[in-house]
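What follows is the content of target-v3.csv, which has CSV, C-alpha atoms:
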chain,number,residue,atom,x,y,z
A,25,MET,CA,-11.3,11.4,33.8
A,26,GLU,CA,-13.8,9.2,31.9
A,27,GLU,CA,-14.9,12.1,29.7
A,28,LEU,CA,-11.3,13.2,29.1
A,29,ILE,CA,-10.4,9.6,28.0
A,30,LYS,CA,-13.5,9.4,25.7
A,31,LYS,CA,-12.7,12.7,24.1
A,32,LEU,CA,-9.1,11.7,23.4
A,33,ILE,CA,-10.3,8.4,21.9
A,34,SER,CA,-12.7,10.2,19.6
A,35,PHE,CA,-9.8,11.6,17.6
A,36,LYS,CA,-8.7,9.3,14.7
A,37,THR,CA,-5.1,9.9,15.3
A,38,TYR,CA,-3.4,7.4,13.0
A,39,GLY,CA,-2.3,10.2,10.6
A,40,GLY,CA,-3.6,13.3,8.9
A,41,ASN,CA,-5.3,16.4,10.2
A,42,GLN,CA,-6.7,14.7,13.3
A,43,LEU,CA,-3.2,14.7,14.8
A,44,TYR,CA,-3.4,18.5,14.8
A,45,GLU,CA,-6.9,18.5,16.1
A,46,CYS,CA,-6.0,16.2,19.0
A,47,ALA,CA,-2.8,18.2,19.7
A,48,SER,CA,-4.9,21.4,19.8
A,49,PHE,CA,-7.3,19.9,22.3
A,50,ILE,CA,-4.5,18.8,24.6
A,51,LYS,CA,-3.0,22.3,24.4
A,52,GLU,CA,-6.3,23.9,25.2
A,53,TYR,CA,-6.9,21.5,28.1
A,54,LEU,CA,-3.6,22.5,29.7
A,55,GLU,CA,-4.2,26.2,29.1
A,56,ASN,CA,-7.7,26.0,30.6
A,57,HIS,CA,-6.1,24.7,33.8
A,58,GLY,CA,-3.8,27.6,34.0
A,59,PHE,CA,-0.6,26.3,32.3
A,60,LYS,CA,1.1,27.8,29.2
A,61,ALA,CA,1.4,25.3,26.4
A,62,GLU,CA,2.8,25.2,22.9
A,63,ILE,CA,2.7,23.0,19.8
A,64,LYS,CA,6.1,22.4,18.2
A,65,GLU,CA,7.0,20.6,15.0
A,66,TYR,CA,10.5,19.3,14.5
A,67,VAL,CA,9.2,17.6,11.4
A,68,LYS,CA,6.2,19.0,9.4
A,69,GLY,CA,3.1,17.0,10.0
A,70,TYR,CA,4.1,15.8,13.5
A,71,PRO,CA,2.7,18.3,16.2
A,72,ILE,CA,4.2,17.9,19.7
A,73,VAL,CA,2.5,19.5,22.7
A,74,LEU,CA,4.8,20.9,25.4
A,75,SER,CA,4.2,22.6,28.7
A,76,SER,CA,6.6,23.4,31.5
A,77,SER,CA,5.5,24.2,35.1
A,78,GLY,CA,8.7,26.1,36.1
A,79,LYS,CA,12.4,26.6,35.7
A,80,GLY,CA,15.3,24.3,36.5
A,81,LYS,CA,16.0,20.7,35.4
A,82,PRO,CA,12.6,19.0,35.1
A,83,LEU,CA,11.0,15.6,35.4
A,84,MET,CA,9.4,14.8,32.1
A,85,LEU,CA,6.0,13.3,31.7
A,86,ASN,CA,5.8,11.8,28.2
A,87,GLY,CA,3.0,10.1,26.3
A,88,HIS,CA,1.8,9.6,22.7
A,89,PHE,CA,-1.6,10.4,21.2
A,90,ASP,CA,-1.2,8.5,17.9
A,91,VAL,CA,-2.8,5.1,17.5
A,92,VAL,CA,-2.6,2.2,15.1
A,93,PRO,CA,-5.4,1.9,12.5
A,94,PRO,CA,-8.5,0.2,13.9
A,95,GLY,CA,-8.5,-2.9,11.6
A,96,GLU,CA,-11.4,-5.3,11.5
A,97,GLY,CA,-13.4,-7.3,14.2
A,98,TRP,CA,-14.8,-4.5,16.3
A,99,SER,CA,-18.2,-4.9,18.0
A,100,SER,CA,-18.9,-1.1,17.5
A,101,ASP,CA,-17.3,2.0,16.1
A,102,PRO,CA,-13.7,2.1,17.5
A,103,PHE,CA,-13.7,5.9,17.6
A,104,THR,CA,-17.1,6.3,19.4
A,105,PRO,CA,-16.0,5.3,22.9
A,106,LYS,CA,-18.3,3.4,25.2
A,107,ALA,CA,-18.3,2.9,28.9
A,108,ILE,CA,-19.7,-0.5,29.9
A,109,GLU,CA,-19.5,-1.4,33.5
A,110,ASP,CA,-15.9,-0.8,34.6
A,111,LYS,CA,-14.4,-0.5,31.1
A,112,ILE,CA,-14.0,2.1,28.4
A,113,TYR,CA,-13.9,0.7,24.9
A,114,GLY,CA,-12.3,2.3,21.8
A,115,ARG,CA,-9.1,2.4,19.7
A,116,GLY,CA,-6.3,3.8,21.9
A,117,SER,CA,-8.1,3.3,25.2
A,118,THR,CA,-5.3,1.1,26.5
A,119,ASP,CA,-2.5,2.3,24.1
A,120,MET,CA,-2.5,5.0,25.3
A,121,LYS,CA,-5.2,7.6,25.5
A,122,ALA,CA,-6.1,6.6,29.1
A,123,GLY,CA,-2.4,6.8,30.0
A,124,LEU,CA,-2.2,10.2,28.4
A,125,ALA,CA,-5.3,11.4,30.2
A,126,VAL,CA,-3.6,10.3,33.5
A,127,LEU,CA,-0.5,12.3,32.6
A,128,MET,CA,-2.6,15.4,31.7
A,129,GLU,CA,-4.6,15.2,34.9
A,130,THR,CA,-1.5,14.5,37.0
A,131,TYR,CA,0.3,17.5,35.5
A,132,VAL,CA,-2.5,20.0,36.0
A,133,SER,CA,-3.3,18.8,39.5
A,134,ILE,CA,0.1,18.4,41.1
A,135,ALA,CA,2.7,20.5,39.3
A,136,ASP,CA,2.3,23.5,41.7
A,137,LYS,CA,2.7,21.2,44.7
A,138,LEU,CA,6.2,20.0,43.8
A,139,ASN,CA,9.6,21.6,44.6
A,140,TYR,CA,10.8,20.8,41.1
A,141,SER,CA,9.4,21.5,37.7
A,142,LEU,CA,7.5,19.2,35.4
A,143,LEU,CA,7.8,19.1,31.6
A,144,PHE,CA,4.7,17.7,30.0
A,145,THR,CA,5.2,16.3,26.5
A,146,ALA,CA,2.6,14.6,24.1
A,147,VAL,CA,4.0,13.1,20.9
A,148,PRO,CA,2.3,12.1,17.7
A,149,ASP,CA,4.4,9.2,16.3
A,150,GLU,CA,5.3,6.5,18.9
A,151,GLU,CA,3.5,3.9,16.9
A,152,THR,CA,5.7,4.6,13.9
A,153,GLY,CA,9.0,4.6,15.7
A,154,GLY,CA,9.2,7.9,17.6
A,155,LYS,CA,11.8,9.4,15.2
A,156,ASN,CA,9.7,12.6,14.6
A,157,GLY,CA,8.8,13.1,18.3
A,158,SER,CA,10.5,11.7,21.4
A,159,LYS,CA,13.8,11.2,19.5
A,160,PHE,CA,14.0,15.0,19.1
A,161,LEU,CA,12.9,15.6,22.7
A,162,ALA,CA,15.7,13.4,24.0
A,163,GLU,CA,18.2,15.3,21.9
A,164,GLU,CA,17.0,18.7,23.0
A,165,TYR,CA,16.0,18.2,26.7
A,166,SER,CA,17.9,16.8,29.7
A,167,PRO,CA,15.3,16.0,32.4
A,168,PHE,CA,16.5,14.3,35.5
A,169,PHE,CA,13.9,11.6,35.2
A,170,VAL,CA,11.3,10.5,32.6
A,171,ILE,CA,7.9,8.8,33.2
A,172,ILE,CA,6.2,7.5,30.0
A,173,GLY,CA,2.5,6.7,30.4
A,174,GLU,CA,2.3,3.6,28.3
A,175,PRO,CA,0.2,0.7,29.7
A,176,THR,CA,1.6,-1.4,32.5
A,177,GLY,CA,-1.3,-1.8,34.8
A,178,SER,CA,-1.5,0.1,38.1
A,179,GLU,CA,0.5,-2.5,40.1
A,180,ARG,CA,3.5,-2.8,37.8
A,181,VAL,CA,6.2,-0.6,36.3
A,182,ASN,CA,8.1,-1.2,33.1
A,183,ILE,CA,11.8,-0.5,33.7
A,184,GLY,CA,13.3,-1.6,30.4
A,185,GLU,CA,12.9,-3.3,27.1
A,186,LYS,CA,14.7,-5.6,24.7
A,187,GLY,CA,16.9,-4.3,22.0
A,188,LEU,CA,15.8,-4.3,18.4
A,189,LEU,CA,17.7,-5.7,15.3
A,190,GLN,CA,15.8,-5.8,12.0
A,191,VAL,CA,17.8,-6.9,9.0
A,192,ARG,CA,17.4,-7.6,5.3
A,193,VAL,CA,19.1,-10.6,3.7
A,194,LYS,CA,19.5,-10.7,-0.1
A,195,GLU,CA,20.5,-13.5,-2.5
A,196,ARG,CA,21.1,-13.5,-6.2
A,197,GLY,CA,20.9,-16.5,-8.6
A,198,LYS,CA,20.5,-17.3,-12.3
A,199,SER,CA,17.2,-17.7,-14.0
A,200,ALA,CA,16.2,-20.7,-16.0
A,201,HIS,CA,13.1,-22.7,-16.9
A,202,GLY,CA,11.5,-24.4,-13.9
A,203,SER,CA,11.7,-27.8,-15.7
A,204,THR,CA,15.5,-27.6,-15.9
A,205,PRO,CA,16.6,-26.0,-12.6
A,206,SER,CA,20.1,-27.4,-13.0
A,207,LEU,CA,20.7,-24.8,-15.7
A,208,GLY,CA,20.0,-22.0,-13.3
A,209,GLU,CA,20.8,-21.0,-9.7
A,210,ASN,CA,17.8,-20.7,-7.4
A,211,ALA,CA,18.0,-17.5,-5.3
A,212,ILE,CA,15.1,-18.6,-3.0
A,213,LEU,CA,16.9,-21.9,-2.0
A,214,LYS,CA,20.1,-19.9,-1.3
A,215,LEU,CA,18.1,-17.5,0.8
A,216,VAL,CA,16.5,-20.3,2.8
A,217,ASP,CA,20.0,-21.7,3.5
A,218,ASP,CA,21.1,-18.2,4.7
A,219,ILE,CA,18.1,-17.8,7.0
A,220,THR,CA,18.7,-21.3,8.5
A,221,GLU,CA,22.4,-20.6,9.1
A,222,LEU,CA,21.7,-17.2,10.6
A,223,ARG,CA,19.1,-18.6,12.9
A,224,ARG,CA,21.5,-21.3,14.0
A,225,ARG,CA,24.1,-18.7,14.9
A,226,ILE,CA,21.6,-16.5,16.8
A,227,GLU,CA,20.0,-19.3,18.8
A,228,LYS,CA,23.3,-20.7,20.1
A,229,THR,CA,24.2,-17.3,21.5
A,230,GLU,CA,24.3,-17.4,25.3
A,231,VAL,CA,22.7,-14.6,27.3
A,232,ALA,CA,23.6,-13.7,30.9
A,233,ILE,CA,20.8,-11.5,32.3
A,234,PRO,CA,22.3,-8.8,34.5
A,235,LYS,CA,21.5,-9.2,38.2
A,236,ASP,CA,19.8,-5.8,38.6
A,237,VAL,CA,17.2,-6.7,35.9
A,238,GLU,CA,16.7,-10.4,36.9
A,239,GLU,CA,13.6,-9.7,39.0
A,240,ALA,CA,12.0,-7.6,36.2
A,241,VAL,CA,12.7,-10.4,33.7
A,242,ASN,CA,11.3,-13.1,36.0
A,243,ASN,CA,8.2,-11.1,36.7
A,244,VAL,CA,7.1,-11.4,33.0
A,245,LYS,CA,6.1,-14.9,33.8
A,246,GLU,CA,3.3,-13.6,36.0
A,247,ILE,CA,2.0,-11.3,33.2
A,248,ASP,CA,2.0,-14.0,30.5
A,249,GLU,CA,4.1,-17.2,30.7
A,250,ARG,CA,3.9,-17.6,27.0
A,251,ILE,CA,6.2,-14.6,26.4
A,252,TYR,CA,8.5,-15.2,29.4
A,253,GLY,CA,10.8,-17.4,27.3
A,254,ASP,CA,10.9,-14.7,24.5
A,255,VAL,CA,12.0,-12.1,27.0
A,256,LYS,CA,15.0,-14.1,28.2
A,257,LYS,CA,16.5,-15.0,24.9
A,258,ILE,CA,17.3,-13.5,21.5
A,259,THR,CA,14.2,-14.1,19.3
A,260,PHE,CA,14.4,-14.7,15.6
A,261,SER,CA,11.4,-14.1,13.3
A,262,PRO,CA,11.5,-13.8,9.5
A,263,GLY,CA,8.6,-11.4,8.8
A,264,VAL,CA,8.8,-10.7,5.0
A,265,ILE,CA,10.1,-12.8,2.1
A,266,LYS,CA,10.1,-11.8,-1.5
A,267,GLY,CA,11.4,-13.6,-4.6
A,268,GLY,CA,10.6,-15.0,-8.0
A,269,SER,CA,8.4,-13.9,-10.8
A,270,GLN,CA,6.3,-17.0,-11.6
A,271,VAL,CA,6.2,-20.7,-10.6
A,272,ASN,CA,7.9,-22.1,-13.7
A,273,VAL,CA,10.9,-19.7,-13.6
A,274,VAL,CA,14.0,-20.4,-11.5
A,275,PRO,CA,14.3,-17.1,-9.4
A,276,ASP,CA,17.4,-15.0,-9.8
A,277,TYR,CA,16.7,-12.8,-6.8
A,278,ALA,CA,15.2,-13.2,-3.3
A,279,GLU,CA,15.2,-11.3,-0.1
A,280,ALA,CA,13.9,-11.6,3.5
A,281,GLU,CA,13.4,-9.2,6.4
A,282,ILE,CA,14.1,-10.6,9.8
A,283,ASP,CA,13.1,-9.3,13.2
A,284,MET,CA,15.3,-10.0,16.2
A,285,ARG,CA,14.8,-8.8,19.8
A,286,ILE,CA,17.9,-8.7,22.1
A,287,PRO,CA,17.5,-9.0,25.9
A,288,PRO,CA,19.6,-7.2,28.5
A,289,GLY,CA,22.9,-9.2,28.8
A,290,ALA,CA,23.4,-9.4,25.1
A,291,SER,CA,24.4,-6.7,22.7
A,292,VAL,CA,23.2,-5.6,19.3
A,293,LYS,CA,26.8,-4.7,18.3
A,294,ASP,CA,28.0,-8.2,19.1
A,295,ILE,CA,25.2,-9.8,17.1
A,296,MET,CA,25.9,-7.6,14.2
A,297,LYS,CA,29.5,-8.8,14.1
A,298,ARG,CA,28.2,-12.2,13.2
A,299,MET,CA,26.2,-10.9,10.3
A,300,GLU,CA,28.7,-9.1,8.0
A,301,GLY,CA,27.3,-8.0,4.7
A,302,ILE,CA,23.7,-8.0,5.9
A,303,GLU,CA,21.7,-4.8,5.6
A,304,ILE,CA,20.5,-3.3,8.9
A,305,ILE,CA,17.0,-1.9,8.6
A,306,ASN,CA,16.6,-0.7,12.3
A,307,SER,CA,18.4,-1.3,15.5
A,308,SER,CA,18.5,-0.2,19.2
A,309,GLU,CA,20.4,-1.7,22.1
A,310,PRO,CA,18.5,-3.3,25.1
A,311,ASN,CA,18.0,-0.7,27.8
A,312,TYR,CA,16.7,-0.4,31.3
A,313,THR,CA,16.7,1.7,34.4
A,314,PRO,CA,17.2,0.0,37.8
A,315,LEU,CA,14.1,0.5,39.9
A,316,PRO,CA,14.4,3.6,42.1
A,317,PRO,CA,13.9,2.8,45.8
A,318,PHE,CA,10.9,5.2,46.2
A,319,ILE,CA,8.8,3.3,43.6
A,320,LYS,CA,7.0,0.5,45.4
A,321,LEU,CA,5.7,-1.4,42.3
A,322,LYS,CA,6.6,-4.7,40.7
A,323,PRO,CA,9.1,-4.2,37.9
A,324,PHE,CA,9.1,-6.0,34.5
A,325,ILE,CA,10.6,-5.5,31.1
A,326,THR,CA,9.0,-5.8,27.7
A,327,PRO,CA,9.9,-7.6,24.5
A,328,TYR,CA,8.8,-4.6,22.4
A,329,ALA,CA,10.2,-1.1,22.1
A,330,THR,CA,8.9,2.2,23.5
A,331,ASP,CA,10.0,5.8,23.3
A,332,GLY,CA,11.8,5.1,26.6
A,333,ARG,CA,14.8,3.9,24.7
A,334,TYR,CA,15.6,7.4,23.3
A,335,PHE,CA,15.9,8.8,26.9
A,336,ARG,CA,17.7,5.7,28.4
A,337,MET,CA,20.3,5.7,25.6
A,338,LYS,CA,21.1,9.3,26.5
A,339,GLY,CA,21.6,8.2,30.1
A,340,ILE,CA,18.4,9.6,31.5
A,341,PRO,CA,16.6,7.3,34.1
A,342,THR,CA,13.3,6.3,32.5
A,343,ILE,CA,10.3,4.2,33.6
A,344,VAL,CA,7.0,3.4,31.9
A,345,TYR,CA,3.9,3.5,34.0
A,346,GLY,CA,0.2,3.8,33.2
A,347,PRO,CA,-3.2,2.1,33.1
A,348,GLY,CA,-4.0,-0.5,30.4
A,349,GLU,CA,-4.4,-4.1,29.4
A,350,LEU,CA,-1.2,-5.5,28.0
A,351,ASN,CA,-3.0,-8.3,26.1
A,352,LYS,CA,-5.3,-5.7,24.3
A,353,LEU,CA,-2.6,-3.7,22.6
A,354,HIS,CA,-3.6,-3.1,18.9
A,355,SER,CA,-6.5,-5.5,19.2
A,356,PRO,CA,-10.2,-5.1,18.3
A,357,ASP,CA,-12.5,-4.2,21.1
A,358,GLU,CA,-9.6,-2.6,23.0
A,359,PHE,CA,-10.5,-1.4,26.4
A,360,VAL,CA,-9.1,0.1,29.7
A,361,LYS,CA,-10.5,-0.5,33.1
A,362,ILE,CA,-11.8,2.6,34.9
A,363,GLY,CA,-10.6,1.3,38.3
A,364,ASP,CA,-7.1,0.8,36.8
A,365,VAL,CA,-7.1,4.4,35.5
A,366,LYS,CA,-8.1,5.8,39.0
A,367,ALA,CA,-5.5,3.7,40.8
A,368,SER,CA,-2.7,4.7,38.3
A,369,LEU,CA,-3.6,8.3,38.7
A,370,GLU,CA,-3.2,8.2,42.5
A,371,LYS,CA,0.0,6.2,42.4
A,372,LEU,CA,1.6,8.4,39.9
A,373,LYS,CA,0.9,11.4,42.1
A,374,GLU,CA,2.4,9.5,45.0
A,375,ILE,CA,5.5,8.8,43.0
A,376,LEU,CA,6.0,12.5,42.1
A,377,LEU,CA,5.4,13.7,45.6
A,378,SER,CA,7.8,11.1,47.0
A,379,ILE,CA,10.6,12.7,44.8
A,380,ASN,CA,10.1,15.9,46.8
A,381,ASN,CA,11.9,14.4,49.7
A,382,SER,CA,14.4,12.2,47.8
A,383,ASP,CA,18.0,13.0,46.9
A,384,TYR,CA,18.1,10.1,44.5
A,385,PHE,CA,18.2,12.4,41.5
A,386,TYR,CA,19.0,15.8,42.6
A,387,LYS,CA,19.4,18.3,45.4

Step by step, read the file and then write its structure as structure tokens.
Amino acid sequence: MEELIKKLISFKTYGGNQLYECASFIKEYLENHGFKAEIKEYVKGYPIVLSSSGKGKPLMLNGHFDVVPPGEGWSSDPFTPKAIEDKIYGRGSTDMKAGLAVLMETYVSIADKLNYSLLFTAVPDEETGGKNGSKFLAEEYSPFFVIIGEPTGSERVNIGEKGLLQVRVKERGKSAHGSTPSLGENAILKLVDDITELRRRIEKTEVAIPKDVEEAVNNVKEIDERIYGDVKKITFSPGVIKGGSQVNVVPDYAEAEIDMRIPPGASVKDIMKRMEGIEIINSSEPNYTPLPPFIKLKPFITPYATDGRYFRMKGIPTIVYGPGELNKLHSPDEFVKIGDVKASLEKLKEILLSINNSDYFYK
């Protein structure tokens, strides 16, 4: 497993030809273990690896092999992985080359021991929204269950995520000399008023967390108490603001982009009703899958989005489970613990074997 993780990390999969090189490696790995595999492109430049172990409605194993750019602050080359004590360092080690390795090893070692088929899928664009990968898979395939190998740690399972609402607010004014602002109309000041009013409306919105996700929400406190409050409420974060040409000119145009995350119990549609005339950049409803009884792990939900939303919005039960450090996502000196990888591998196999004797999804 360690060598497989290191090999996957060595591909600089934040765009370009290395996406193809990594996809080809994954395909060859599956074929070398006796499984047919193919590379499919719904959109040119985004190779997806697929392999099915049999016929019939499958359980899908899904993971991504793209990563975010390395950025600054690394102690060593982020694409030359290093194993130090119980950790493997490198860009993508936690998010999610280790989780992908677990899915690959699980698939080749257990697929022929199940009385249902597995559909292995590896996608190249989760970090950029999943619209060229898992979105198409959710439209084409109808598995009875989906397991996504994003990092959760071996003792926890992610059953859902907050919704996403990103908007653009625009204001127009009238330009004038900065020394005589009364002769103009300041678009930036109007925009600030808009943002303040919008925030007031959002923050007074009450949220009633559904009972079947209360435990998962409360468990976030154990992971990081700092984000526990964010998970329970609608968050409001202006991320981009533009306006004006120079300091001594009253600006005649300004705009802002605002990121809001919507917890279960609230609705993106309801929030949008309060924001008439505002441009929607991106949106998705909060979504979750009640924890199946055969999975004996501690559930939680995330404030951020995963590709799981595409399958859940289609009505397909979906969980996220894999090794990794949640506080190391996209950070310098990213690492994964080898012990966590091994534990996740064994527990994922146990989950798949337990479905053999379960009528929870199918007969």

Using only C-alpha atoms, find each residue in region 137-246 of chain A having at least one atom no more than 10 Å away from region 331-350 of chain A; report its shortest atom-to-atom pair and that distance in Å (one decimal), rows by chain then rising number, as JSON lines.
{"residue": "A:Val147", "atom": "CA", "partner": "A:Asp331", "partner_atom": "CA", "distance": 9.7}
{"residue": "A:Asp149", "atom": "CA", "partner": "A:Asp331", "partner_atom": "CA", "distance": 9.6}
{"residue": "A:Glu150", "atom": "CA", "partner": "A:Asp331", "partner_atom": "CA", "distance": 6.5}
{"residue": "A:Glu151", "atom": "CA", "partner": "A:Asp331", "partner_atom": "CA", "distance": 9.3}
{"residue": "A:Gly153", "atom": "CA", "partner": "A:Asp331", "partner_atom": "CA", "distance": 7.8}
{"residue": "A:Gly154", "atom": "CA", "partner": "A:Asp331", "partner_atom": "CA", "distance": 6.1}
{"residue": "A:Lys155", "atom": "CA", "partner": "A:Asp331", "partner_atom": "CA", "distance": 9.0}
{"residue": "A:Gly157", "atom": "CA", "partner": "A:Asp331", "partner_atom": "CA", "distance": 8.9}
{"residue": "A:Ser158", "atom": "CA", "partner": "A:Asp331", "partner_atom": "CA", "distance": 6.2}
{"residue": "A:Lys159", "atom": "CA", "partner": "A:Tyr334", "partner_atom": "CA", "distance": 5.7}
{"residue": "A:Phe160", "atom": "CA", "partner": "A:Tyr334", "partner_atom": "CA", "distance": 8.8}
{"residue": "A:Leu161", "atom": "CA", "partner": "A:Phe335", "partner_atom": "CA", "distance": 8.5}
{"residue": "A:Ala162", "atom": "CA", "partner": "A:Phe335", "partner_atom": "CA", "distance": 5.4}
{"residue": "A:Glu163", "atom": "CA", "partner": "A:Lys338", "partner_atom": "CA", "distance": 8.1}
{"residue": "A:Tyr165", "atom": "CA", "partner": "A:Phe335", "partner_atom": "CA", "distance": 9.4}
{"residue": "A:Ser166", "atom": "CA", "partner": "A:Ile340", "partner_atom": "CA", "distance": 7.4}
{"residue": "A:Pro167", "atom": "CA", "partner": "A:Ile340", "partner_atom": "CA", "distance": 7.2}
{"residue": "A:Phe168", "atom": "CA", "partner": "A:Ile340", "partner_atom": "CA", "distance": 6.5}
{"residue": "A:Phe169", "atom": "CA", "partner": "A:Pro341", "partner_atom": "CA", "distance": 5.2}
{"residue": "A:Val170", "atom": "CA", "partner": "A:Thr342", "partner_atom": "CA", "distance": 4.7}
{"residue": "A:Ile171", "atom": "CA", "partner": "A:Ile343", "partner_atom": "CA", "distance": 5.2}
{"residue": "A:Ile172", "atom": "CA", "partner": "A:Val344", "partner_atom": "CA", "distance": 4.6}
{"residue": "A:Gly173", "atom": "CA", "partner": "A:Gly346", "partner_atom": "CA", "distance": 4.6}
{"residue": "A:Glu174", "atom": "CA", "partner": "A:Gly346", "partner_atom": "CA", "distance": 5.3}
{"residue": "A:Pro175", "atom": "CA", "partner": "A:Gly348", "partner_atom": "CA", "distance": 4.4}
{"residue": "A:Thr176", "atom": "CA", "partner": "A:Gly346", "partner_atom": "CA", "distance": 5.4}
{"residue": "A:Gly177", "atom": "CA", "partner": "A:Pro347", "partner_atom": "CA", "distance": 4.7}
{"residue": "A:Ser178", "atom": "CA", "partner": "A:Pro347", "partner_atom": "CA", "distance": 5.6}
{"residue": "A:Glu179", "atom": "CA", "partner": "A:Pro347", "partner_atom": "CA", "distance": 9.2}
{"residue": "A:Arg180", "atom": "CA", "partner": "A:Tyr345", "partner_atom": "CA", "distance": 7.4}
{"residue": "A:Val181", "atom": "CA", "partner": "A:Tyr345", "partner_atom": "CA", "distance": 5.2}
{"residue": "A:Asn182", "atom": "CA", "partner": "A:Val344", "partner_atom": "CA", "distance": 4.9}
{"residue": "A:Ile183", "atom": "CA", "partner": "A:Ile343", "partner_atom": "CA", "distance": 4.9}
{"residue": "A:Gly184", "atom": "CA", "partner": "A:Ile343", "partner_atom": "CA", "distance": 7.3}
{"residue": "A:Glu185", "atom": "CA", "partner": "A:Arg333", "partner_atom": "CA", "distance": 7.8}
{"residue": "A:Lys186", "atom": "CA", "partner": "A:Arg333", "partner_atom": "CA", "distance": 9.5}
{"residue": "A:Gly187", "atom": "CA", "partner": "A:Arg333", "partner_atom": "CA", "distance": 8.9}

Let me see the file: selected residues, C-alpha atoms, as a PDB file, keeping the file's coordinate frame.
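Listed below is the output, again.pdb:
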ATOM      1  CA  VAL A 147       4.000  13.100  20.900  1.00  0.00           C
ATOM      2  CA  ASP A 149       4.400   9.200  16.300  1.00  0.00           C
ATOM      3  CA  GLU A 150       5.300   6.500  18.900  1.00  0.00           C
ATOM      4  CA  GLU A 151       3.500   3.900  16.900  1.00  0.00           C
ATOM      5  CA  GLY A 153       9.000   4.600  15.700  1.00  0.00           C
ATOM      6  CA  GLY A 154       9.200   7.900  17.600  1.00  0.00           C
ATOM      7  CA  LYS A 155      11.800   9.400  15.200  1.00  0.00           C
ATOM      8  CA  GLY A 157       8.800  13.100  18.300  1.00  0.00           C
ATOM      9  CA  SER A 158      10.500  11.700  21.400  1.00  0.00           C
ATOM     10  CA  LYS A 159      13.800  11.200  19.500  1.00  0.00           C
ATOM     11  CA  PHE A 160      14.000  15.000  19.100  1.00  0.00           C
ATOM     12  CA  LEU A 161      12.900  15.600  22.700  1.00  0.00           C
ATOM     13  CA  ALA A 162      15.700  13.400  24.000  1.00  0.00           C
ATOM     14  CA  GLU A 163      18.200  15.300  21.900  1.00  0.00           C
ATOM     15  CA  TYR A 165      16.000  18.200  26.700  1.00  0.00           C
ATOM     16  CA  SER A 166      17.900  16.800  29.700  1.00  0.00           C
ATOM     17  CA  PRO A 167      15.300  16.000  32.400  1.00  0.00           C
ATOM     18  CA  PHE A 168      16.500  14.300  35.500  1.00  0.00           C
ATOM     19  CA  PHE A 169      13.900  11.600  35.200  1.00  0.00           C
ATOM     20  CA  VAL A 170      11.300  10.500  32.600  1.00  0.00           C
ATOM     21  CA  ILE A 171       7.900   8.800  33.200  1.00  0.00           C
ATOM     22  CA  ILE A 172       6.200   7.500  30.000  1.00  0.00           C
ATOM     23  CA  GLY A 173       2.500   6.700  30.400  1.00  0.00           C
ATOM     24  CA  GLU A 174       2.300   3.600  28.300  1.00  0.00           C
ATOM     25  CA  PRO A 175       0.200   0.700  29.700  1.00  0.00           C
ATOM     26  CA  THR A 176       1.600  -1.400  32.500  1.00  0.00           C
ATOM     27  CA  GLY A 177      -1.300  -1.800  34.800  1.00  0.00           C
ATOM     28  CA  SER A 178      -1.500   0.100  38.100  1.00  0.00           C
ATOM     29  CA  GLU A 179       0.500  -2.500  40.100  1.00  0.00           C
ATOM     30  CA  ARG A 180       3.500  -2.800  37.800  1.00  0.00           C
ATOM     31  CA  VAL A 181       6.200  -0.600  36.300  1.00  0.00           C
ATOM     32  CA  ASN A 182       8.100  -1.200  33.100  1.00  0.00           C
ATOM     33  CA  ILE A 183      11.800  -0.500  33.700  1.00  0.00           C
ATOM     34  CA  GLY A 184      13.300  -1.600  30.400  1.00  0.00           C
ATOM     35  CA  GLU A 185      12.900  -3.300  27.100  1.00  0.00           C
ATOM     36  CA  LYS A 186      14.700  -5.600  24.700  1.00  0.00           C
ATOM     37  CA  GLY A 187      16.900  -4.300  22.000  1.00  0.00           C
TER      38      GLY A 187
END

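Separating CA of Leu377 (chain A) from CA of Val126 (chain A) is a distance of 15.5 Å.
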
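Every protein, DNA or RNA residue with an atom at most 9 Å from Arg298 (chain A), where all atoms listed in the file count and chain neighbours fewer than 6 positions away do not, is listed here: Leu222, Arg225 and Ile226 of chain A.
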
Quiz item: At a cut-off of 7 Å from (20.5, -4.7, 9.1) in the coordinates of the file, what residues are picked up using all atoms listed in the file, written as a VMD selection string?
Solution: chain A and resid 189 to 192 302 to 306

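CA of Ala47 (chain A) is positioned 23.0 Å from CA of Ser368 (chain A).
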
Exercise. Around the point (15.4, -12.8, 21.7) in the file's coordinates, collect all residues with an atom within 12 Å, using only C-alpha atoms, and return them as an NGL selection string.
Key: :A and (185-190 or 223 or 226-231 or 233 or 251-261 or 283-292 or 295 or 310 or 326-328)

Give me, as a compact mmCIF listing (two decimals) with C-alpha atoms, keeping the file's coordinate frame, all polymer residues having an atom no more than 9 Å from Lys198 (chain A), counting all atoms listed in the file and skipping those fewer than 6 positions away in the same chain.
# COMPACT_ATOMS: atom_id res chain seq x y z
CA LEU A 207 20.70 -24.80 -15.70
CA GLY A 208 20.00 -22.00 -13.30
CA GLU A 209 20.80 -21.00 -9.70
CA ASN A 210 17.80 -20.70 -7.40
CA ALA A 211 18.00 -17.50 -5.30
CA VAL A 274 14.00 -20.40 -11.50
CA PRO A 275 14.30 -17.10 -9.40
CA ASP A 276 17.40 -15.00 -9.80
CA TYR A 277 16.70 -12.80 -6.80

Quiz prompt | Residue with smallest distance to Ala278 (chain A) - pool A:Pro148, A:Gly78, A:Gly197, A:Pro316, counting all atoms listed in the file | solution =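 Residue with the minimum atom-to-atom distance to Ala278 (chain A): A:Gly197.
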
Exercise. May I ask for the distance between CA of Lys361 (chain A) and CA of Asp110 (chain A), given in Å to one decimal place?
Key: 5.6 Å
